[in-house]
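Q: One structure follows; several queries about it will come next.
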Amino acid sequence: MSLSSEELLAQERKLQFTRFGNDVAIELGLHLLAAAREQGLPIAISVQRNGHRLFHVALPGTAPDNDRWLERKARVVDLFGHSSFYVGTTFREKGSTFEAESGLDPELYAAHGGVFPVILRGTGPVGTVGVSGLPQAQDHAFVVTELESFLNGRDA
C-alpha cells in the first residue's frame, strides 16, 4: 500500500514539535532505538538539528552504506523541507523520477523513504529524523509510527 503525496503532507502537518533541543533529540533517538530493538530491526537511526547530528546508532545487521543512505535522504529533506518519501512520491506521481528530473547528484541526494523533517510548530523544519535498513516504505512507516508515539507521549 503506497501513500499519496497529500497523505504524506498530512503526516507532516500532524507530526510537529513545540520545542526541539538536544535533550529532546536524544530522547527521540532513544525512543526509536528501543522500538527498533523490540522489533528486531536491522536499521541505522539518525536525529539532526540544523545539520548537527545529535543522535546516531547502527544496530546489528547494518553497514556503512546505511549511514550514506541516511545522509543522502537527509540532504533531500533539508533541501525540500519535506520527507524524503514525499519528495520521491511527488516525482513518481508526475510519471517521472527524482533522479531523472531533479538535476541533483544521486551520490549526494536520495528521495527514498526513511527521513522525516523535524518540524517546529510555528517555525517549520529545523532538522531531520530518519532510519535506513528496510525497504523505503517500511523505513518511512517506522519513523512516522514512532514519531507519532513519541509526540503523543510527551504532549509535543
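Note on naming: chains are A, B, ... as they come in the C-alpha cells, residues start from 1 per chain, ligands start from 1 in the order shown.
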Name all residues at most 6 Å from Val115 (chain A) (count only C-alpha atoms; drop same-chain ones fewer than 2 positions away) and give them as a VMD selection string.

A: chain A and resid 73 to 74 83 to 84 129 to 130

Q: Grab the residues selected above and save them as a compact mmCIF listing (two decimals), in the first residue's frame with all heavy atoms.

A:
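The resulting file, result.txt, is reproduced below:
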```txt
# COMPACT_ATOMS: atom_id res chain seq x y z
N LYS A 73 19.38 10.87 2.11
CA LYS A 73 17.97 11.16 2.32
C LYS A 73 17.79 12.44 3.15
O LYS A 73 16.90 13.24 2.87
CB LYS A 73 17.27 9.97 2.99
CG LYS A 73 17.23 8.73 2.09
CD LYS A 73 16.39 7.59 2.64
CE LYS A 73 17.01 6.84 3.77
NZ LYS A 73 16.22 5.63 4.14
N ALA A 74 18.65 12.65 4.14
CA ALA A 74 18.57 13.86 4.97
C ALA A 74 18.84 15.11 4.13
O ALA A 74 18.21 16.15 4.35
CB ALA A 74 19.54 13.78 6.14
N SER A 83 9.46 15.24 3.82
CA SER A 83 10.03 13.90 4.00
C SER A 83 10.63 13.42 2.68
O SER A 83 10.17 13.77 1.58
CB SER A 83 8.97 12.91 4.49
OG SER A 83 8.09 12.52 3.46
N SER A 84 11.66 12.60 2.80
CA SER A 84 12.31 12.05 1.61
C SER A 84 11.32 11.21 0.80
O SER A 84 11.37 11.19 -0.43
CB SER A 84 13.55 11.24 2.01
OG SER A 84 13.22 10.25 2.96
N VAL A 129 14.81 13.40 11.25
CA VAL A 129 14.85 12.14 11.98
C VAL A 129 14.69 11.05 10.93
O VAL A 129 13.81 11.15 10.06
CB VAL A 129 13.76 12.05 13.07
CG1 VAL A 129 12.37 12.30 12.53
CG2 VAL A 129 13.84 10.70 13.78
N GLY A 130 15.58 10.05 10.96
CA GLY A 130 15.46 9.06 9.92
C GLY A 130 16.09 7.73 10.26
O GLY A 130 16.85 7.60 11.23
```

Q: Need to verify the contact set: region 15-18 of chain A, 8 Å, only C-alpha atoms, exclusion of same-chain residues closer than 2 positions in sequence. Can you return it as a short mmCIF file (atom, residue, chain, number, x, y, z; two decimals) with C-alpha atoms, in the first residue's frame?

A:
```cif
data_model
loop_
_atom_site.label_atom_id
_atom_site.label_comp_id
_atom_site.auth_asym_id
_atom_site.auth_seq_id
_atom_site.Cartn_x
_atom_site.Cartn_y
_atom_site.Cartn_z
CA GLN A 11 1.61 13.37 8.26
CA GLU A 12 3.91 16.39 8.25
CA ARG A 13 1.10 18.73 9.33
CA PHE A 20 13.29 20.65 19.89
CA VAL A 118 11.64 17.66 12.43
CA ILE A 119 9.05 20.42 12.23
CA LEU A 120 8.81 23.04 14.95
CA ARG A 121 5.23 24.30 15.16
CA LEU A 147 7.40 9.82 15.86
CA GLU A 148 3.66 9.80 16.48
CA LEU A 151 4.93 13.06 20.35
CA ALA A 156 4.92 17.53 21.80
#
```

Q: Looking at only C-alpha atoms, which of A:Arg72, A:Ala63, A:Leu54, A:Glu38 is the one that sits closest to Leu108 (chain A)?

A: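 Closest to Leu108 (chain A), using only C-alpha atoms: A:Arg72.
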
Q: For the helix (DSSP H, G or I) assignment from backbone DSSP, which residues of chain A qualify? Please present them as an MDAnalysis selection string.

A: chainID A and resid 5:14 22:39 64:80 84:93 98:101 136:152

Q: Which one is closest to Gly21 (chain A): A:Leu79, A:Gly127, A:Ser96, A:Asn66? Count only C-alpha atoms.

A: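 Once distances to Gly21 (chain A) are computed over only C-alpha atoms, the minimum belongs to A:Gly127.
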
Q: To one decimal place in Å, what is the distance between CA of Tyr109 (chain A) and CA of Ala35 (chain A)?

A: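 Computed distance, CA of Tyr109 (chain A) to CA of Ala35 (chain A), equals 27.0 Å.
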
Q: What's the 8 Å shell around Gly88 (chain A), counting only C-alpha atoms, without same-chain residues fewer than 2 positions away, as a list in words?

A: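 The neighbour list is Ser84, Phe85, Tyr86, Thr90, Phe91, Arg92, Thr97, Phe98, Ala111, His112 and Gly113 of chain A.
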
Q: Once you have the residues from the selection above, write them out as a CSV table (one decimal), in the first residue's frame, restricted to all heavy atoms.

A:
```csv
chain,number,residue,atom,x,y,z
A,84,SER,N,11.7,12.6,2.8
A,84,SER,CA,12.3,12.0,1.6
A,84,SER,C,11.3,11.2,0.8
A,84,SER,O,11.4,11.2,-0.4
A,84,SER,CB,13.5,11.2,2.0
A,84,SER,OG,13.2,10.2,3.0
A,85,PHE,N,10.4,10.6,1.5
A,85,PHE,CA,9.4,9.7,0.8
A,85,PHE,C,8.4,10.6,0.0
A,85,PHE,O,8.0,10.3,-1.1
A,85,PHE,CB,8.7,8.9,1.8
A,85,PHE,CG,8.0,7.6,1.2
A,85,PHE,CD1,8.6,6.9,0.3
A,85,PHE,CD2,6.8,7.2,1.7
A,85,PHE,CE1,8.0,5.7,-0.2
A,85,PHE,CE2,6.1,6.1,1.2
A,85,PHE,CZ,6.7,5.4,0.2
A,86,TYR,N,8.0,11.8,0.6
A,86,TYR,CA,7.1,12.7,-0.1
A,86,TYR,C,7.8,13.2,-1.3
A,86,TYR,O,7.2,13.3,-2.4
A,86,TYR,CB,6.8,13.9,0.9
A,86,TYR,CG,6.1,15.0,0.1
A,86,TYR,CD1,4.8,15.0,-0.2
A,86,TYR,CD2,6.9,16.1,-0.3
A,86,TYR,CE1,4.1,16.0,-0.9
A,86,TYR,CE2,6.3,17.1,-1.1
A,86,TYR,CZ,4.9,17.1,-1.3
A,86,TYR,OH,4.3,18.1,-2.0
A,90,THR,N,6.3,12.6,-5.1
A,90,THR,CA,5.8,13.7,-6.0
A,90,THR,C,6.3,13.5,-7.4
A,90,THR,O,5.6,13.7,-8.4
A,90,THR,CB,6.1,15.1,-5.5
A,90,THR,OG1,7.6,15.3,-5.4
A,90,THR,CG2,5.5,15.4,-4.1
A,91,PHE,N,7.5,13.1,-7.5
A,91,PHE,CA,8.1,12.8,-8.8
A,91,PHE,C,7.4,11.6,-9.5
A,91,PHE,O,7.1,11.7,-10.7
A,91,PHE,CB,9.6,12.7,-8.8
A,91,PHE,CG,10.4,13.9,-8.6
A,91,PHE,CD1,10.7,14.4,-7.4
A,91,PHE,CD2,10.8,14.7,-9.7
A,91,PHE,CE1,11.4,15.6,-7.2
A,91,PHE,CE2,11.5,15.9,-9.6
A,91,PHE,CZ,11.8,16.3,-8.3
A,92,ARG,N,7.2,10.6,-8.7
A,92,ARG,CA,6.5,9.4,-9.3
A,92,ARG,C,5.1,9.7,-9.7
A,92,ARG,O,4.7,9.2,-10.7
A,92,ARG,CB,6.6,8.2,-8.2
A,92,ARG,CG,8.0,7.6,-8.1
A,92,ARG,CD,7.9,6.4,-7.2
A,92,ARG,NE,7.6,6.6,-5.8
A,92,ARG,CZ,8.4,7.1,-4.9
A,92,ARG,NH1,9.7,7.3,-5.2
A,92,ARG,NH2,8.0,7.3,-3.7
A,97,THR,N,11.0,10.4,-12.2
A,97,THR,CA,11.7,10.0,-11.0
A,97,THR,C,12.5,11.2,-10.6
A,97,THR,O,12.8,12.1,-11.3
A,97,THR,CB,12.7,8.9,-11.3
A,97,THR,OG1,13.7,9.3,-12.2
A,97,THR,CG2,12.0,7.6,-11.8
A,98,PHE,N,12.8,11.2,-9.3
A,98,PHE,CA,13.7,12.2,-8.7
A,98,PHE,C,15.0,12.3,-9.4
A,98,PHE,O,15.5,13.4,-9.7
A,98,PHE,CB,13.8,11.9,-7.2
A,98,PHE,CG,14.8,12.8,-6.5
A,98,PHE,CD1,14.4,14.1,-6.1
A,98,PHE,CD2,16.1,12.4,-6.2
A,98,PHE,CE1,15.3,14.9,-5.4
A,98,PHE,CE2,17.0,13.3,-5.6
A,98,PHE,CZ,16.5,14.5,-5.2
A,111,ALA,N,15.9,10.5,-2.8
A,111,ALA,CA,14.5,10.7,-2.5
A,111,ALA,C,13.8,9.4,-2.2
A,111,ALA,O,12.8,9.1,-2.9
A,111,ALA,CB,13.8,11.6,-3.5
A,112,HIS,N,14.3,8.7,-1.3
A,112,HIS,CA,13.7,7.4,-0.9
A,112,HIS,C,13.2,7.5,0.6
A,112,HIS,O,13.8,8.3,1.4
A,112,HIS,CB,14.8,6.3,-0.9
A,112,HIS,CG,15.3,6.0,-2.3
A,112,HIS,ND1,14.8,4.9,-3.0
A,112,HIS,CD2,16.1,6.7,-3.1
A,112,HIS,CE1,15.4,4.9,-4.2
A,112,HIS,NE2,16.2,6.0,-4.3
A,113,GLY,N,12.2,6.8,0.9
A,113,GLY,CA,11.6,6.9,2.2
A,113,GLY,C,12.5,6.6,3.4
A,113,GLY,O,13.4,5.7,3.2
```

Q: Counting only C-alpha atoms, which residue out of A:Ile26, A:Leu59, A:Val87, A:Val76 sits closest to Gln39 (chain A)?

A: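 Checking each candidate against Gln39 (chain A), we get A:Leu59 as the closest.
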
Q: Here is a test: counting only C-alpha atoms, which residue of A:Thr145, A:Gly133, A:Asp78, A:Pro117 is nearest to Gly40 (chain A)?

A: A:Gly133

Q: Given the choices A:Leu104, A:Val77, A:Leu41, A:Leu30, which gets closest to His56 (chain A) if the distance is worked out from only C-alpha atoms?

A: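 The answer is A:Leu30, which sits nearest to His56 (chain A).
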
Q: Quick one: DSSP strand (DSSP E or B) residues in chain A, as an NGL selection string?

A: :A and (17 or 44-49 or 52-58 or 115-120 or 124-132)

Q: Looking at A:Gly153, A:Gly29, A:Gly114, A:Pro42, which one is nearest to His82 (chain A), with distances taken over only C-alpha atoms?

A: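 Comparing A:Gly153, A:Gly29, A:Gly114, A:Pro42 against His82 (chain A), the winner is A:Gly114.
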
Q: I'd like the interatomic distance between CA of Ser102 (chain A) and CA of Trp69 (chain A), to a tenth of an Å.

A: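 So the answer is 17.5 Å.
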
Q: Rounded to one decimal place, report the CA of Ala34 (chain A)-CA of Gly61 (chain A) distance in Å.

A: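 If I compute the distance from CA of Ala34 (chain A) to CA of Gly61 (chain A), I get 15.9 Å.
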